2 protein chains.
Amino acid sequence: MTKPPLFNRVALIGIGLIGASLSHAMRRAGLVNEIAISTRSQETLDRAEELNLGNFYSTDAGEAVKDADCVILCVPVGASEAVTKKIAPHLKAGAIITDVGSVKCSVIDQIKPHLPEAVHFVPGHPIAGTEYSGPDAGFATLFENRWSILTPLEDTDQEATQAIKALWKGCGSNVSIMAPKHHDLVLAITSHLPHLIAYNIVGTAADLEDDTKSEVIKFSASGFRDFTRIAASDPAMWRDVFLHNREAVLEMLNRFTTDLAELTRYVDEGDGQALFDLFTRTRSIRKGIIDAGQEIDAPDFGRLS
Amino acid sequence: MTKPPLFNRVALIGIGLIGASLSHAMRRAGLVNEIAISTRSQETLDRAEELNLGNFYSTDAGEAVKDADCVILCVPVGASEAVTKKIAPHLKAGAIITDVGSVKCSVIDQIKPHLPEAVHFVPGHPIAGTEYSGPDAGFATLFENRWSILTPLEDTDQEATQAIKALWKGCGSNVSIMAPKHHDLVLAITSHLPHLIAYNIVGTAADLEDDTKSEVIKFSASGFRDFTRIAASDPAMWRDVFLHNREAVLEMLNRFTTDLAELTRYVDEGDGQALFDLFTRTRSIRKGIIDAGQEIDAPDFGRLS
């Protein structure tokens with residue numbers, strides 16, 4: 001006996017890496033009968049249709065959400081308010097609206113005031129992605145063995161939260177529930193700061209004279225190339241993350257620069273013992289991540305190049 | 001007709017990741033008849049023997065280099081002078097001595113004054129490695145499609161340089177020749193700064209309260225885990241790199257922190273256009289690295305986890 005689908009019709013607003021991966025994953029698991037897709041760009045929408053990611057396509061988000069039991073916003077976090085304003089008058093009573101944004105407090109502030117009473121809002125964030133973007137980048141296994149965080153509000157209907165939890169579990173993800181503010185702080189250190197630092201170091205290298213820059217590329221296997229992966233992530237998405245999680249990012253940046261000043265002093269003063277102690281301490285963190293099943297233990301990420 | 005080996009007897013002084021990989025790679029390519037191995041630790045030496053990495057084993061480096069046509073120092077750069085003093089009286093006339101150190105100026109200063117006249121010195125550095133260390137971490141393909149840099153001195157015998165070049169090419173590596181000082185500057189940005197930054201950010205996370213730290217591990221797939229790989233590298237090796245390439249590292253650190261202060265200002269002031277422009281610029285650098293064959297283009301390093 002197969003289980004009935006969770007939702008009859010899901011609307012994906014935005015069809016980049018995450019939206020497209022959700023389409024693949026939801027269909028593979030039989031979580032949905034129909035998928036409606038909307039995105040502002042006709043070209044991207046056409047591509048989504050060529051890839052057969054949905055059953056209904058429109059550049060009008062309002063059209064796409066009509067009759068949807070579940071609406072998933074898969075747009076850069078800065079677009080949340082504008083999209084919500086557009087779809088709010090067309091949402092079905094009882095529909096669940098959720099999102100995949102990397103920042104939660106700002107997204108809640110942008111979405112909540114514009115929603116009709118009869119709609120359930122369950123803010124969410126799958127901790128998954130690659131450095132590629134657009135509908136072609138999506139794949140069904142993106143969320144497998146990853147975590148999805150839900151940050152329901154005090155007045156969020158518990159059944160709605162359970163339904164979105166079941167959606168992510170159906171896509172292969174684990175689910176964790178936390179407060180929006182705590183989410184934004186944890187992600188500031190695990191995700192936003194690492195991206196900012198990677199963008200910064202790759203930017204420093206990009207500013208070098210052309211001769212040296214070509215050598216940086218040639219000899220990048222010595223460490224640098226690792227940073228270029230996350231610094232190749234979607235610029236619009238990440239601009240919005242830093243604009244909308246400003247406070248937590250600045251706090252983590254402050255800790256990082258304070259620590260870096262101390263580390264610089266070790267190098268300047270030739271304090272070998274302090275360097276050795278730090279480099280030993282950091283080693284165990286990776287072991288913890290591998291033990292938690294969030295990283296492979298193959299040398300060099302198992303890269304074969 | 002098979003080519004005769006490049007060397008009759010090679011001595012590997014130090015048998016960690018690089019020394020062990022050299023043993024595998026030289027043998028696979030038939031570059032050498034015999035390998036003598038020396039390391040200070042009896043335990044590591046025994047392990048090297050269990051792994052059958054050589055033909056002769058001694059904790060006495062002087063013993064190991066007797067009759068060797070080629071001596072390769074595979075020790076942390078800070079040990080270069082002490083090791084050279086130990087082996088110098090035992091070096092065969094006409095022998096070539098080379099090294100694999102990540103810093104070249106300091107290593108040359110440590111080694112050169114102690115070498116007998118009749119010995120040829122070709123400083124070298126293979127741009128290859130993983131986050132694992134010790135003799136078990138070695139494998140034959142580590143140097144394939146990577147670059148090895150040689151920094152011969154003005155008075156280095158050209159035939160000796162050609163022989164070491166042939167050794168690395170035989171191990172599957174490309175070879176680039178440059179001045180020691182230039183090497184140290186290029187590696188400061190491509191390797192030493194990235195490692196220092198990775199150690200720093202992982203250190204910042206390691207200092208968080210235990211609750212938050214466990215969440216950092218749980219949600220590390222959002223970016224953080226990438227940094228933990230190079231921050232899991234050998235502590236003694238990296239301590240020595242920072243002690244011995246102090247000036248170039250401090251220069252690159254200075255550029256990095258200046259850039260980071262500007263980027264922090266963008267975040268603080270909410271300058272979305274400046275953020276977007278930087279994030280777009282950094283994207284192309286990765287493309288250059290992939291096009292140069294120094295990185296795979298599979299999403300997320302092709303990790304399957």
# chains A, B, ... in the order shown; residues from 1 in each chain; ligands from 1
$ residues_around --residues "Phe276 in chain A" --least-positions-apart "3" --cutoff "12 Å" --atoms "only C-alpha atoms" --output "list in words"
Leu263, Tyr266, Val267, Gly270, Asp271, Gly272, Gln273, Phe279, Thr280, Arg281, Thr282 and Arg283 of chain A; Leu196, Tyr199, Ala231, Ala232, Ser233, Asp234, Pro235, Ala236, Met237, Trp238, Arg239, Asp240, Val241, Phe242 and Leu243 of chain B
$ write_last_selection --atoms "N, CA and C atoms" --output "PDB file, in the first residue's frame"
ATOM      1  N   LEU A 263      46.347  35.524  16.410  1.00  0.00           N
ATOM      2  CA  LEU A 263      47.108  34.572  15.600  1.00  0.00           C
ATOM      3  C   LEU A 263      48.224  35.294  14.828  1.00  0.00           C
ATOM      4  N   TYR A 266      51.071  35.715  17.086  1.00  0.00           N
ATOM      5  CA  TYR A 266      51.879  34.483  17.219  1.00  0.00           C
ATOM      6  C   TYR A 266      52.897  34.388  16.081  1.00  0.00           C
ATOM      7  N   VAL A 267      52.414  34.675  14.848  1.00  0.00           N
ATOM      8  CA  VAL A 267      53.312  34.592  13.689  1.00  0.00           C
ATOM      9  C   VAL A 267      54.394  35.655  13.803  1.00  0.00           C
ATOM     10  N   GLY A 270      56.827  34.784  16.410  1.00  0.00           N
ATOM     11  CA  GLY A 270      57.424  33.455  16.288  1.00  0.00           C
ATOM     12  C   GLY A 270      57.076  32.532  17.439  1.00  0.00           C
ATOM     13  N   ASP A 271      55.835  32.611  17.912  1.00  0.00           N
ATOM     14  CA  ASP A 271      55.403  31.775  19.046  1.00  0.00           C
ATOM     15  C   ASP A 271      54.960  30.386  18.546  1.00  0.00           C
ATOM     16  N   GLY A 272      55.929  29.500  18.358  1.00  0.00           N
ATOM     17  CA  GLY A 272      55.666  28.174  17.795  1.00  0.00           C
ATOM     18  C   GLY A 272      54.745  27.324  18.653  1.00  0.00           C
ATOM     19  N   GLN A 273      54.866  27.462  19.970  1.00  0.00           N
ATOM     20  CA  GLN A 273      54.035  26.636  20.859  1.00  0.00           C
ATOM     21  C   GLN A 273      52.566  27.010  20.737  1.00  0.00           C
ATOM     22  N   PHE A 279      46.722  24.613  16.190  1.00  0.00           N
ATOM     23  CA  PHE A 279      46.600  23.709  15.043  1.00  0.00           C
ATOM     24  C   PHE A 279      46.222  22.289  15.488  1.00  0.00           C
ATOM     25  N   THR A 280      46.532  21.956  16.735  1.00  0.00           N
ATOM     26  CA  THR A 280      46.154  20.652  17.264  1.00  0.00           C
ATOM     27  C   THR A 280      44.679  20.643  17.676  1.00  0.00           C
ATOM     28  N   ARG A 281      44.252  21.770  18.272  1.00  0.00           N
ATOM     29  CA  ARG A 281      42.881  21.904  18.744  1.00  0.00           C
ATOM     30  C   ARG A 281      41.878  21.834  17.586  1.00  0.00           C
ATOM     31  N   THR A 282      42.225  22.467  16.466  1.00  0.00           N
ATOM     32  CA  THR A 282      41.298  22.540  15.328  1.00  0.00           C
ATOM     33  C   THR A 282      41.120  21.187  14.642  1.00  0.00           C
ATOM     34  N   ARG A 283      42.121  20.318  14.801  1.00  0.00           N
ATOM     35  CA  ARG A 283      42.065  19.022  14.131  1.00  0.00           C
ATOM     36  C   ARG A 283      40.868  18.188  14.591  1.00  0.00           C
TER      37      ARG A 283
ATOM     38  N   LEU B 196      46.140  29.534   7.399  1.00  0.00           N
ATOM     39  CA  LEU B 196      46.037  30.347   8.612  1.00  0.00           C
ATOM     40  C   LEU B 196      44.593  30.786   8.858  1.00  0.00           C
ATOM     41  N   TYR B 199      42.564  27.703   9.954  1.00  0.00           N
ATOM     42  CA  TYR B 199      42.850  27.416  11.363  1.00  0.00           C
ATOM     43  C   TYR B 199      42.132  28.431  12.255  1.00  0.00           C
ATOM     44  N   ALA B 231      42.265  22.785   8.037  1.00  0.00           N
ATOM     45  CA  ALA B 231      42.591  23.011   9.458  1.00  0.00           C
ATOM     46  C   ALA B 231      42.825  21.695  10.203  1.00  0.00           C
ATOM     47  N   ALA B 232      42.778  20.572   9.484  1.00  0.00           N
ATOM     48  CA  ALA B 232      43.097  19.279  10.097  1.00  0.00           C
ATOM     49  C   ALA B 232      44.488  18.813   9.644  1.00  0.00           C
ATOM     50  N   SER B 233      45.225  19.690   8.981  1.00  0.00           N
ATOM     51  CA  SER B 233      46.562  19.339   8.476  1.00  0.00           C
ATOM     52  C   SER B 233      47.562  19.212   9.623  1.00  0.00           C
ATOM     53  N   ASP B 234      48.699  18.650   9.313  1.00  0.00           N
ATOM     54  CA  ASP B 234      49.725  18.345  10.317  1.00  0.00           C
ATOM     55  C   ASP B 234      50.188  19.585  11.103  1.00  0.00           C
ATOM     56  N   PRO B 235      49.970  19.615  12.424  1.00  0.00           N
ATOM     57  CA  PRO B 235      50.307  20.805  13.224  1.00  0.00           C
ATOM     58  C   PRO B 235      51.793  21.173  13.219  1.00  0.00           C
ATOM     59  N   ALA B 236      52.685  20.195  13.277  1.00  0.00           N
ATOM     60  CA  ALA B 236      54.119  20.508  13.338  1.00  0.00           C
ATOM     61  C   ALA B 236      54.603  21.087  12.010  1.00  0.00           C
ATOM     62  N   MET B 237      54.134  20.490  10.926  1.00  0.00           N
ATOM     63  CA  MET B 237      54.504  21.002   9.610  1.00  0.00           C
ATOM     64  C   MET B 237      54.084  22.458   9.459  1.00  0.00           C
ATOM     65  N   TRP B 238      52.849  22.762   9.861  1.00  0.00           N
ATOM     66  CA  TRP B 238      52.323  24.118   9.635  1.00  0.00           C
ATOM     67  C   TRP B 238      52.873  25.131  10.611  1.00  0.00           C
ATOM     68  N   ARG B 239      53.132  24.709  11.842  1.00  0.00           N
ATOM     69  CA  ARG B 239      53.828  25.615  12.776  1.00  0.00           C
ATOM     70  C   ARG B 239      55.127  26.090  12.132  1.00  0.00           C
ATOM     71  N   ASP B 240      55.885  25.150  11.588  1.00  0.00           N
ATOM     72  CA  ASP B 240      57.170  25.501  10.975  1.00  0.00           C
ATOM     73  C   ASP B 240      57.023  26.421   9.763  1.00  0.00           C
ATOM     74  N   VAL B 241      55.978  26.195   8.960  1.00  0.00           N
ATOM     75  CA  VAL B 241      55.762  27.065   7.792  1.00  0.00           C
ATOM     76  C   VAL B 241      55.607  28.519   8.236  1.00  0.00           C
ATOM     77  N   PHE B 242      54.790  28.726   9.294  1.00  0.00           N
ATOM     78  CA  PHE B 242      54.549  30.108   9.722  1.00  0.00           C
ATOM     79  C   PHE B 242      55.755  30.712  10.432  1.00  0.00           C
ATOM     80  N   LEU B 243      56.539  29.884  11.086  1.00  0.00           N
ATOM     81  CA  LEU B 243      57.754  30.398  11.721  1.00  0.00           C
ATOM     82  C   LEU B 243      58.811  30.760  10.673  1.00  0.00           C
TER      83      LEU B 243
END
$ residues_around --residues "range 110-123 of chain A" --least-positions-apart "2" --cutoff "7 Å" --atoms "only C-alpha atoms" --output "list in words"
Ser80, Glu81, Thr84, Lys85, Ala88, Ala93, Gly94, Ala95, Ile96, Ile97, Thr98, Asp99, Lys104, Ser106, Val107, Ile108, Leu150, Thr151, Pro152, Thr156, Asp157, Ala160 and Thr161 of chain A
$ atom_distance --atom1 "CA of Val100 in chain B" --atom2 "CA of Leu73 in chain B"
6.5 Å
$ residues_around --residues "range 19-30 of chain B" --least-positions-apart "3" --cutoff "7 Å" --atoms "only C-alpha atoms" --output "VMD selection string"
chain B and resid 5 12 14 to 16 53 74 135 138 to 142 170 to 171
$ write_last_selection --atoms "C-alpha atoms" --output "PDB file, in the first residue's frame"
ATOM      1  CA  PRO B   5      66.352   4.084 -13.242  1.00  0.00           C
ATOM      2  CA  LEU B  12      64.146   9.527   2.113  1.00  0.00           C
ATOM      3  CA  GLY B  14      61.342  11.624   6.960  1.00  0.00           C
ATOM      4  CA  ILE B  15      58.556   9.258   5.954  1.00  0.00           C
ATOM      5  CA  GLY B  16      55.268  11.091   6.417  1.00  0.00           C
ATOM      6  CA  LEU B  53      58.183   1.464   1.776  1.00  0.00           C
ATOM      7  CA  CYS B  74      60.849  15.180   3.796  1.00  0.00           C
ATOM      8  CA  PRO B 135      53.452   6.889   6.411  1.00  0.00           C
ATOM      9  CA  GLY B 138      50.995   8.084   1.345  1.00  0.00           C
ATOM     10  CA  PHE B 139      49.793   6.993  -2.093  1.00  0.00           C
ATOM     11  CA  ALA B 140      51.355   6.732  -5.552  1.00  0.00           C
ATOM     12  CA  THR B 141      49.130   9.214  -7.397  1.00  0.00           C
ATOM     13  CA  LEU B 142      49.470  12.146  -4.980  1.00  0.00           C
ATOM     14  CA  GLY B 170      58.411  10.543 -13.361  1.00  0.00           C
ATOM     15  CA  CYS B 171      56.093  10.859 -10.370  1.00  0.00           C
TER      16      CYS B 171
END
$ closest_residue --among "B:Asp207, B:Asp136, B:Glu131, B:Glu251" --to "chain A" --atoms "only C-alpha atoms"
B:Glu131
$ select_by_dssp --residues "range 73-233 of chain A" --states "strand (DSSP E)" --output "NGL selection string"
:A and (73 or 96-99 or 120-122 or 124-126 or 147-150 or 174-177)
$ write_last_selection --atoms "N, CA and C atoms" --output "mmCIF file, in the first residue's frame"
data_model
loop_
_atom_site.group_PDB
_atom_site.id
_atom_site.type_symbol
_atom_site.label_atom_id
_atom_site.label_comp_id
_atom_site.auth_asym_id
_atom_site.auth_seq_id
_atom_site.Cartn_x
_atom_site.Cartn_y
_atom_site.Cartn_z
ATOM 1 N N LEU A 73 8.562 29.258 -0.912
ATOM 2 C CA LEU A 73 9.324 30.369 -1.483
ATOM 3 C C LEU A 73 10.792 29.961 -1.581
ATOM 4 N N ILE A 96 -0.479 26.089 3.375
ATOM 5 C CA ILE A 96 0.721 26.275 4.196
ATOM 6 C C ILE A 96 1.752 26.997 3.353
ATOM 7 N N ILE A 97 2.335 28.053 3.896
ATOM 8 C CA ILE A 97 3.427 28.722 3.198
ATOM 9 C C ILE A 97 4.712 28.496 3.984
ATOM 10 N N THR A 98 5.750 28.115 3.280
ATOM 11 C CA THR A 98 7.056 27.917 3.915
ATOM 12 C C THR A 98 8.106 28.531 3.000
ATOM 13 N N ASP A 99 9.360 28.542 3.461
ATOM 14 C CA ASP A 99 10.430 29.114 2.633
ATOM 15 C C ASP A 99 11.709 28.338 2.879
ATOM 16 N N HIS A 120 -1.282 29.170 6.949
ATOM 17 C CA HIS A 120 -0.306 28.755 7.962
ATOM 18 C C HIS A 120 1.109 29.027 7.464
ATOM 19 N N PHE A 121 1.932 29.610 8.350
ATOM 20 C CA PHE A 121 3.295 29.980 7.941
ATOM 21 C C PHE A 121 4.302 29.186 8.769
ATOM 22 N N VAL A 122 5.150 28.405 8.098
ATOM 23 C CA VAL A 122 6.194 27.601 8.756
ATOM 24 C C VAL A 122 7.551 27.954 8.134
ATOM 25 N N GLY A 124 11.340 27.908 7.140
ATOM 26 C CA GLY A 124 12.249 26.769 7.088
ATOM 27 C C GLY A 124 13.554 27.077 6.373
ATOM 28 N N HIS A 125 14.522 26.184 6.543
ATOM 29 C CA HIS A 125 15.830 26.362 5.905
ATOM 30 C C HIS A 125 16.556 25.024 5.777
ATOM 31 N N PRO A 126 16.637 24.480 4.553
ATOM 32 C CA PRO A 126 17.423 23.254 4.367
ATOM 33 C C PRO A 126 18.918 23.587 4.333
ATOM 34 N N TRP A 147 20.480 18.403 7.240
ATOM 35 C CA TRP A 147 19.497 18.876 8.212
ATOM 36 C C TRP A 147 18.653 19.972 7.592
ATOM 37 N N SER A 148 17.355 19.942 7.889
ATOM 38 C CA SER A 148 16.520 21.100 7.582
ATOM 39 C C SER A 148 16.043 21.676 8.901
ATOM 40 N N ILE A 149 16.140 22.989 9.020
ATOM 41 C CA ILE A 149 15.734 23.660 10.256
ATOM 42 C C ILE A 149 14.387 24.329 10.028
ATOM 43 N N LEU A 150 13.442 24.101 10.949
ATOM 44 C CA LEU A 150 12.173 24.815 10.916
ATOM 45 C C LEU A 150 12.132 25.751 12.123
ATOM 46 N N ASN A 174 17.015 15.277 7.653
ATOM 47 C CA ASN A 174 16.674 15.303 9.066
ATOM 48 C C ASN A 174 16.057 16.661 9.374
ATOM 49 N N VAL A 175 15.264 16.753 10.432
ATOM 50 C CA VAL A 175 14.613 18.021 10.745
ATOM 51 C C VAL A 175 14.917 18.446 12.177
ATOM 52 N N SER A 176 15.279 19.715 12.331
ATOM 53 C CA SER A 176 15.546 20.281 13.652
ATOM 54 C C SER A 176 14.678 21.525 13.819
ATOM 55 N N ILE A 177 14.111 21.694 15.003
ATOM 56 C CA ILE A 177 13.248 22.854 15.271
ATOM 57 C C ILE A 177 14.000 23.818 16.190
#
$ closest_residue --among "B:Ile127, B:Cys70, B:Leu153, B:Leu31" --to "chain A" --atoms "only C-alpha atoms"
B:Ile127
